[in-house]
Amino acid sequence: MRILIIGGGIAGTAAALALDKAGFGVTVHEAHPDSGADIGAFLTLASNGMLALAQFGAAEAVARRGFELTAMRLTGDNGAVVSTVPLGETGDPLRRFRCLRRAELCAALREEAVGRGIEIRQGERFVTAAEDADGVTAEFADGTTARGDLLLGADGIHSVVRPLTDPEAAAPRYAGQRVFYGYSTEAAPPHEPGRIEMLRGSSSAMGYTVSPEGETYWFARVSADELSEDEIAGTTPAQWRERLLPLLRPDATPAADIVEATDGRLMVTNASDLASVGRWRTPRMLLVGDAAHAASPATGQGASMALEDAVVLAKSLRDAPDTASALERYEELRRPRVERNIVNSARLTPRRAPGRLERTLKNYRAKWRGRGGGPHARSDSAVEEEQELARQLDWDTPLAADSPAPQGS
């Protein structure tokens with residue numbers, strides 16, 4: 001089977017690596033002439049994302065690019081510490097949360113793909129595709145075409161493939177918040193190695209962590225009207241900083257000092273997501289990653305969900321008797337989980353989101369401290385869902401035809 005992958009970002013390159021391991025021929029077609037990396041913003045990979053990476057041999061390469069996060073602390077707008085909880089599978093270095101720039105994750109995956117002989121074709125902007133009984137033909141803006149047995153739309157929230165699988169799919173929607181990202185080598189906020197700080201501000205939800213090299217990575221989510229593309233492109237980092245500072249100054253937290261110490265490495269974007277996409281697939285095309293199930297960034301699970309997609313898809317195609325049943329099984333397993341993540345992220349994103357950070361910590365406390373039992377022990381159903389996800393991701397465990405779909409993180 002020959003598979004065409006449209007999009008060379010996280011979802012597309014991870015899918016290429018997993019499918020290649022499963023024995024399929026893949027070619028990645030990326031519109032950007034140099035790389036598929038989203039420059040600037042950083043992300044966290046949770047334990048489920050690191051577990052998925054390990055299934056196709058990329059966990060070590062990614063781990064080298066980032067740094068560990070082993071705890072999360074919540075501080076209120078009055079400066080009082082509300083709670084501190086552990087993060088991830090701390091007993092296994094390759095299951096710990098990792099913080100890294102999105103561009104670094106893309107680069108690590110791309111290097112792994114190139115090293116394994118996977119073809120990544122840059123500067124090929126996808127326009128449309130036509131399928132027939134024997135395969136699918138992709139057309140690109142430069143007039144070239146490519147032929148395969150299956151086409152994956154891994155081209156993100158603004159997917160060009162999505163209208164081909166679902167002409168009635170709604171456009172991405174604004175989730176109600178602007179998200180600021182920045183980096184500072186001049187800030188000196190309170191921190192401990194491996195800890196991410198969540199600040200429940202009066203007008204924002206902010207998080208920061210300090211790398212082993214002493215660089216502060218931070219984000220702030222602010223409820224406001226949607227920004228236009230022209231406003232995003234035409235506003236300088238210094239101007240964004242001056243807009244953000246008055247919202248942070250009233251709080252007795254390090255937020256304002258961190259932002260004030262940030263120079264030109266500051267950017268802003270609209271938090272967006274997708275309502276449920278009714279059709280992920282046709283007989284010869286399938287959506288994966290944000291093209292199918294983009295969530296707002298509140299839960300920090302977008303990249304990890306895309307990595308899970310890659311593993312489950314590769315195993316579905318490997319284990320199913322034919323392509324049609326493989327794609328059907330993939331959707332049955334993935335749709336409930338990723339759509340739950342969209343809902344959870346949306347609940348954390350509206351205007352009252354700063355006060356909902358405590359709920360996030362309660363969820364983490366139940367998930368990670370509950371492993372040992374005691375007063376924070378998780379329900380049997382939560383344990384079963386986690387075990388089922390581990391079975392679905394484990395490369396050497398065949399996908400059972402009747403395995404349930406685990407719920408979202």
# chains A, B, ... in the order shown; residues from 1 in each chain; ligands from 1
>>> residues_around(residues="Leu327 of chain A", least_positions_apart="4", cutoff="9 Å", atoms="only C-alpha atoms", output="PyMOL selection string")
chain A and resi 281+283+286+313+316-317+320+322-323+331-332
>>> select_by_dssp(residues="segment 185-297 of chain A", states="strand (DSSP E)", output="ChimeraX atom specification")
/A:195-200,205-210,216-223,266-273,285-287
>>> closest_residue(among="A:Ala31, A:Val179, A:Leu307, A:Met285", to="Leu244 of chain A", atoms="only C-alpha atoms")
A:Val179
>>> closest_atom_pairs(of="segment 202-312 of chain A", to="segment 48-51 of chain A", cutoff="7 Å", atoms="only C-alpha atoms", output="Markdown table")
| residue | atom | partner | partner_atom | distance |
| --- | --- | --- | --- | --- |
| A:Ser304 | CA | A:Gly49 | CA | 4.0 |
| A:Met305 | CA | A:Gly49 | CA | 6.9 |
| A:Leu307 | CA | A:Gly49 | CA | 5.9 |
| A:Glu308 | CA | A:Gly49 | CA | 6.6 |
>>> closest_atom_pairs(of="segment 269-304 of chain A", to="segment 162-168 of chain A", cutoff="12 Å", atoms="only C-alpha atoms", output="CSV")
residue,atom,partner,partner_atom,distance
A:Leu274,CA,A:Arg162,CA,11.4
A:Ala275,CA,A:Glu168,CA,11.8
A:Ser276,CA,A:Asp166,CA,11.1
A:Val277,CA,A:Asp166,CA,7.4
A:Gly278,CA,A:Asp166,CA,6.8
A:Arg279,CA,A:Asp166,CA,5.2
A:Trp280,CA,A:Thr165,CA,6.1
A:Arg281,CA,A:Thr165,CA,5.3
A:Thr282,CA,A:Thr165,CA,5.8
A:Pro283,CA,A:Thr165,CA,9.4
A:Arg284,CA,A:Thr165,CA,9.5
A:Met285,CA,A:Thr165,CA,6.9
A:Leu286,CA,A:Thr165,CA,7.3
A:Leu287,CA,A:Arg162,CA,6.8
A:Val288,CA,A:Arg162,CA,9.9
A:Gly289,CA,A:Arg162,CA,11.5
A:Asp290,CA,A:Arg162,CA,10.4
A:Ala291,CA,A:Arg162,CA,6.6
A:Ala292,CA,A:Arg162,CA,7.5
A:His293,CA,A:Arg162,CA,10.8
>>> write_last_selection(atoms="N, CA, C and O atoms", output="compact mmCIF listing (two decimals), in the first residue's frame")
# COMPACT_ATOMS: atom_id res chain seq x y z
N LEU A 274 -12.43 22.98 16.60
CA LEU A 274 -13.39 22.50 15.62
C LEU A 274 -14.58 21.89 16.35
O LEU A 274 -14.40 21.13 17.31
N ALA A 275 -15.77 22.22 15.89
CA ALA A 275 -16.92 21.44 16.32
C ALA A 275 -16.75 20.05 15.70
O ALA A 275 -15.90 19.83 14.85
N SER A 276 -17.55 19.12 16.12
CA SER A 276 -17.41 17.76 15.62
C SER A 276 -17.47 17.72 14.10
O SER A 276 -18.40 18.24 13.48
N VAL A 277 -16.45 17.12 13.48
CA VAL A 277 -16.42 16.93 12.03
C VAL A 277 -17.18 15.64 11.73
O VAL A 277 -16.80 14.55 12.17
N GLY A 278 -18.27 15.77 10.99
CA GLY A 278 -19.16 14.64 10.78
C GLY A 278 -18.53 13.48 10.05
O GLY A 278 -18.78 12.31 10.37
N ARG A 279 -17.70 13.78 9.05
CA ARG A 279 -17.10 12.71 8.25
C ARG A 279 -15.59 12.88 8.22
O ARG A 279 -15.08 13.85 7.67
N TRP A 280 -14.89 11.95 8.80
CA TRP A 280 -13.44 11.95 8.79
C TRP A 280 -12.86 11.29 7.54
O TRP A 280 -11.67 11.45 7.27
N ARG A 281 -13.68 10.53 6.81
CA ARG A 281 -13.08 9.68 5.79
C ARG A 281 -14.01 9.45 4.62
O ARG A 281 -15.23 9.61 4.70
N THR A 282 -13.40 9.10 3.52
CA THR A 282 -14.04 8.53 2.35
C THR A 282 -13.34 7.19 2.11
O THR A 282 -12.44 6.83 2.87
N PRO A 283 -13.67 6.45 1.07
CA PRO A 283 -12.96 5.18 0.86
C PRO A 283 -11.45 5.32 0.71
O PRO A 283 -10.71 4.40 1.08
N ARG A 284 -10.96 6.48 0.24
CA ARG A 284 -9.53 6.61 -0.03
C ARG A 284 -8.88 7.80 0.69
O ARG A 284 -7.70 8.06 0.45
N MET A 285 -9.62 8.47 1.54
CA MET A 285 -9.06 9.63 2.25
C MET A 285 -9.45 9.58 3.72
O MET A 285 -10.55 9.13 4.06
N LEU A 286 -8.56 10.09 4.58
CA LEU A 286 -8.80 10.08 6.01
C LEU A 286 -8.15 11.31 6.65
O LEU A 286 -7.02 11.66 6.30
N LEU A 287 -8.85 11.93 7.60
CA LEU A 287 -8.30 13.05 8.36
C LEU A 287 -7.65 12.54 9.64
O LEU A 287 -8.19 11.64 10.30
N VAL A 288 -6.51 13.14 10.02
CA VAL A 288 -5.85 12.81 11.27
C VAL A 288 -5.38 14.10 11.94
O VAL A 288 -5.24 15.14 11.31
N GLY A 289 -5.13 14.03 13.25
CA GLY A 289 -4.64 15.20 13.98
C GLY A 289 -5.64 16.34 13.96
O GLY A 289 -6.87 16.14 13.94
N ASP A 290 -5.13 17.57 13.99
CA ASP A 290 -5.99 18.74 14.07
C ASP A 290 -6.91 18.89 12.87
O ASP A 290 -7.93 19.60 12.96
N ALA A 291 -6.60 18.29 11.76
CA ALA A 291 -7.50 18.36 10.61
C ALA A 291 -8.85 17.73 10.94
O ALA A 291 -9.89 18.13 10.42
N ALA A 292 -8.85 16.76 11.85
CA ALA A 292 -10.07 16.07 12.23
C ALA A 292 -10.64 16.54 13.56
O ALA A 292 -11.86 16.57 13.74
N HIS A 293 -9.77 16.94 14.50
CA HIS A 293 -10.25 17.14 15.88
C HIS A 293 -9.44 18.18 16.64
O HIS A 293 -8.98 17.93 17.74
>>> residues_around(residues="segment 54-64 of chain A", least_positions_apart="2", cutoff="9 Å", atoms="only C-alpha atoms", output="ChimeraX atom specification")
/A:14,17-21,49-52,66-68,93-95,98-100,104-105,108-109,112,311,393-396
>>> closest_residue(among="A:Leu87, A:Ala252, A:Ala324, A:Ala15", to="Thr44 of chain A", atoms="only C-alpha atoms")
A:Leu87
>>> residues_around(residues="Glu124 of chain A", least_positions_apart="5", cutoff="10 Å", atoms="only C-alpha atoms", output="PDB file with N, CA and C atoms, in the first residue's frame")
ATOM      1  N   ILE A   6      -0.621  14.460   3.491  1.00  0.00           N
ATOM      2  CA  ILE A   6      -0.662  15.892   3.212  1.00  0.00           C
ATOM      3  C   ILE A   6      -0.435  16.639   4.525  1.00  0.00           C
ATOM      4  N   GLY A   7       0.734  17.267   4.634  1.00  0.00           N
ATOM      5  CA  GLY A   7       1.090  17.993   5.847  1.00  0.00           C
ATOM      6  C   GLY A   7       2.276  17.357   6.540  1.00  0.00           C
ATOM      7  N   VAL A  28       5.463  12.168   2.369  1.00  0.00           N
ATOM      8  CA  VAL A  28       4.900  13.341   3.027  1.00  0.00           C
ATOM      9  C   VAL A  28       5.004  14.526   2.078  1.00  0.00           C
ATOM     10  N   HIS A  29       3.903  15.216   1.881  1.00  0.00           N
ATOM     11  CA  HIS A  29       3.852  16.396   1.014  1.00  0.00           C
ATOM     12  C   HIS A  29       3.556  17.614   1.895  1.00  0.00           C
ATOM     13  N   GLU A  30       4.530  18.506   1.999  1.00  0.00           N
ATOM     14  CA  GLU A  30       4.436  19.669   2.882  1.00  0.00           C
ATOM     15  C   GLU A  30       4.434  20.950   2.064  1.00  0.00           C
ATOM     16  N   ALA A  31       3.479  21.849   2.358  1.00  0.00           N
ATOM     17  CA  ALA A  31       3.346  23.080   1.585  1.00  0.00           C
ATOM     18  C   ALA A  31       4.508  24.039   1.802  1.00  0.00           C
ATOM     19  N   HIS A  32       5.022  24.096   3.029  1.00  0.00           N
ATOM     20  CA  HIS A  32       6.092  25.035   3.333  1.00  0.00           C
ATOM     21  C   HIS A  32       7.357  24.650   2.558  1.00  0.00           C
ATOM     22  N   PRO A  33       8.063  25.612   1.979  1.00  0.00           N
ATOM     23  CA  PRO A  33       9.242  25.266   1.169  1.00  0.00           C
ATOM     24  C   PRO A  33      10.436  24.770   1.964  1.00  0.00           C
ATOM     25  N   GLU A 139      -3.472  16.534  -6.306  1.00  0.00           N
ATOM     26  CA  GLU A 139      -3.000  17.592  -7.191  1.00  0.00           C
ATOM     27  C   GLU A 139      -2.428  18.728  -6.352  1.00  0.00           C
ATOM     28  N   PHE A 140      -1.321  19.311  -6.839  1.00  0.00           N
ATOM     29  CA  PHE A 140      -0.634  20.362  -6.109  1.00  0.00           C
ATOM     30  C   PHE A 140      -0.618  21.656  -6.919  1.00  0.00           C
ATOM     31  N   ALA A 141      -0.351  22.760  -6.220  1.00  0.00           N
ATOM     32  CA  ALA A 141      -0.463  24.085  -6.840  1.00  0.00           C
ATOM     33  C   ALA A 141       0.493  24.270  -8.000  1.00  0.00           C
ATOM     34  N   ASP A 142       1.608  23.555  -8.023  1.00  0.00           N
ATOM     35  CA  ASP A 142       2.572  23.712  -9.121  1.00  0.00           C
ATOM     36  C   ASP A 142       2.236  22.852 -10.325  1.00  0.00           C
ATOM     37  N   GLY A 143       1.078  22.180 -10.289  1.00  0.00           N
ATOM     38  CA  GLY A 143       0.643  21.378 -11.421  1.00  0.00           C
ATOM     39  C   GLY A 143       1.037  19.912 -11.345  1.00  0.00           C
ATOM     40  N   THR A 144       1.841  19.527 -10.373  1.00  0.00           N
ATOM     41  CA  THR A 144       2.246  18.143 -10.248  1.00  0.00           C
ATOM     42  C   THR A 144       1.158  17.327  -9.565  1.00  0.00           C
ATOM     43  N   THR A 145       1.248  16.012  -9.717  1.00  0.00           N
ATOM     44  CA  THR A 145       0.300  15.110  -9.084  1.00  0.00           C
ATOM     45  C   THR A 145       1.057  13.971  -8.399  1.00  0.00           C
TER      46      THR A 145
END
>>> closest_residue(among="A:Ala256, A:Ala103, A:Val114, A:Met206", to="Gly40 of chain A", atoms="only C-alpha atoms")
A:Ala103
>>> decode(residues="segment 127-141 of chain A", atoms="N, CA and C atoms", output="PDB file, in the first residue's frame")
ATOM      1  N   VAL A 127      -3.874  21.013  -3.433  1.00  0.00           N
ATOM      2  CA  VAL A 127      -5.025  21.751  -3.955  1.00  0.00           C
ATOM      3  C   VAL A 127      -6.291  20.911  -3.864  1.00  0.00           C
ATOM      4  N   THR A 128      -6.234  19.691  -4.382  1.00  0.00           N
ATOM      5  CA  THR A 128      -7.411  18.829  -4.363  1.00  0.00           C
ATOM      6  C   THR A 128      -6.981  17.395  -4.605  1.00  0.00           C
ATOM      7  N   ALA A 129      -7.949  16.488  -4.565  1.00  0.00           N
ATOM      8  CA  ALA A 129      -7.668  15.086  -4.831  1.00  0.00           C
ATOM      9  C   ALA A 129      -8.897  14.448  -5.450  1.00  0.00           C
ATOM     10  N   ALA A 130      -8.659  13.418  -6.239  1.00  0.00           N
ATOM     11  CA  ALA A 130      -9.738  12.646  -6.854  1.00  0.00           C
ATOM     12  C   ALA A 130      -9.484  11.173  -6.576  1.00  0.00           C
ATOM     13  N   GLU A 131     -10.516  10.483  -6.136  1.00  0.00           N
ATOM     14  CA  GLU A 131     -10.360   9.062  -5.845  1.00  0.00           C
ATOM     15  C   GLU A 131     -11.188   8.231  -6.808  1.00  0.00           C
ATOM     16  N   ASP A 132     -10.737   7.011  -7.022  1.00  0.00           N
ATOM     17  CA  ASP A 132     -11.453   6.052  -7.854  1.00  0.00           C
ATOM     18  C   ASP A 132     -11.334   4.687  -7.208  1.00  0.00           C
ATOM     19  N   ALA A 133     -11.779   3.677  -7.905  1.00  0.00           N
ATOM     20  CA  ALA A 133     -11.796   2.340  -7.318  1.00  0.00           C
ATOM     21  C   ALA A 133     -10.400   1.812  -7.031  1.00  0.00           C
ATOM     22  N   ASP A 134      -9.403   2.320  -7.744  1.00  0.00           N
ATOM     23  CA  ASP A 134      -8.053   1.785  -7.626  1.00  0.00           C
ATOM     24  C   ASP A 134      -7.117   2.625  -6.765  1.00  0.00           C
ATOM     25  N   GLY A 135      -7.506   3.856  -6.429  1.00  0.00           N
ATOM     26  CA  GLY A 135      -6.608   4.692  -5.648  1.00  0.00           C
ATOM     27  C   GLY A 135      -7.058   6.134  -5.594  1.00  0.00           C
ATOM     28  N   VAL A 136      -6.131   7.011  -5.263  1.00  0.00           N
ATOM     29  CA  VAL A 136      -6.416   8.434  -5.129  1.00  0.00           C
ATOM     30  C   VAL A 136      -5.267   9.230  -5.739  1.00  0.00           C
ATOM     31  N   THR A 137      -5.619  10.315  -6.426  1.00  0.00           N
ATOM     32  CA  THR A 137      -4.627  11.179  -7.053  1.00  0.00           C
ATOM     33  C   THR A 137      -4.691  12.557  -6.422  1.00  0.00           C
ATOM     34  N   ALA A 138      -3.573  13.004  -5.875  1.00  0.00           N
ATOM     35  CA  ALA A 138      -3.475  14.337  -5.276  1.00  0.00           C
ATOM     36  C   ALA A 138      -2.932  15.316  -6.296  1.00  0.00           C
ATOM     37  N   GLU A 139      -3.472  16.534  -6.306  1.00  0.00           N
ATOM     38  CA  GLU A 139      -3.000  17.592  -7.191  1.00  0.00           C
ATOM     39  C   GLU A 139      -2.428  18.728  -6.352  1.00  0.00           C
ATOM     40  N   PHE A 140      -1.321  19.311  -6.839  1.00  0.00           N
ATOM     41  CA  PHE A 140      -0.634  20.362  -6.109  1.00  0.00           C
ATOM     42  C   PHE A 140      -0.618  21.656  -6.919  1.00  0.00           C
ATOM     43  N   ALA A 141      -0.351  22.760  -6.220  1.00  0.00           N
ATOM     44  CA  ALA A 141      -0.463  24.085  -6.840  1.00  0.00           C
ATOM     45  C   ALA A 141       0.493  24.270  -8.000  1.00  0.00           C
TER      46      ALA A 141
END
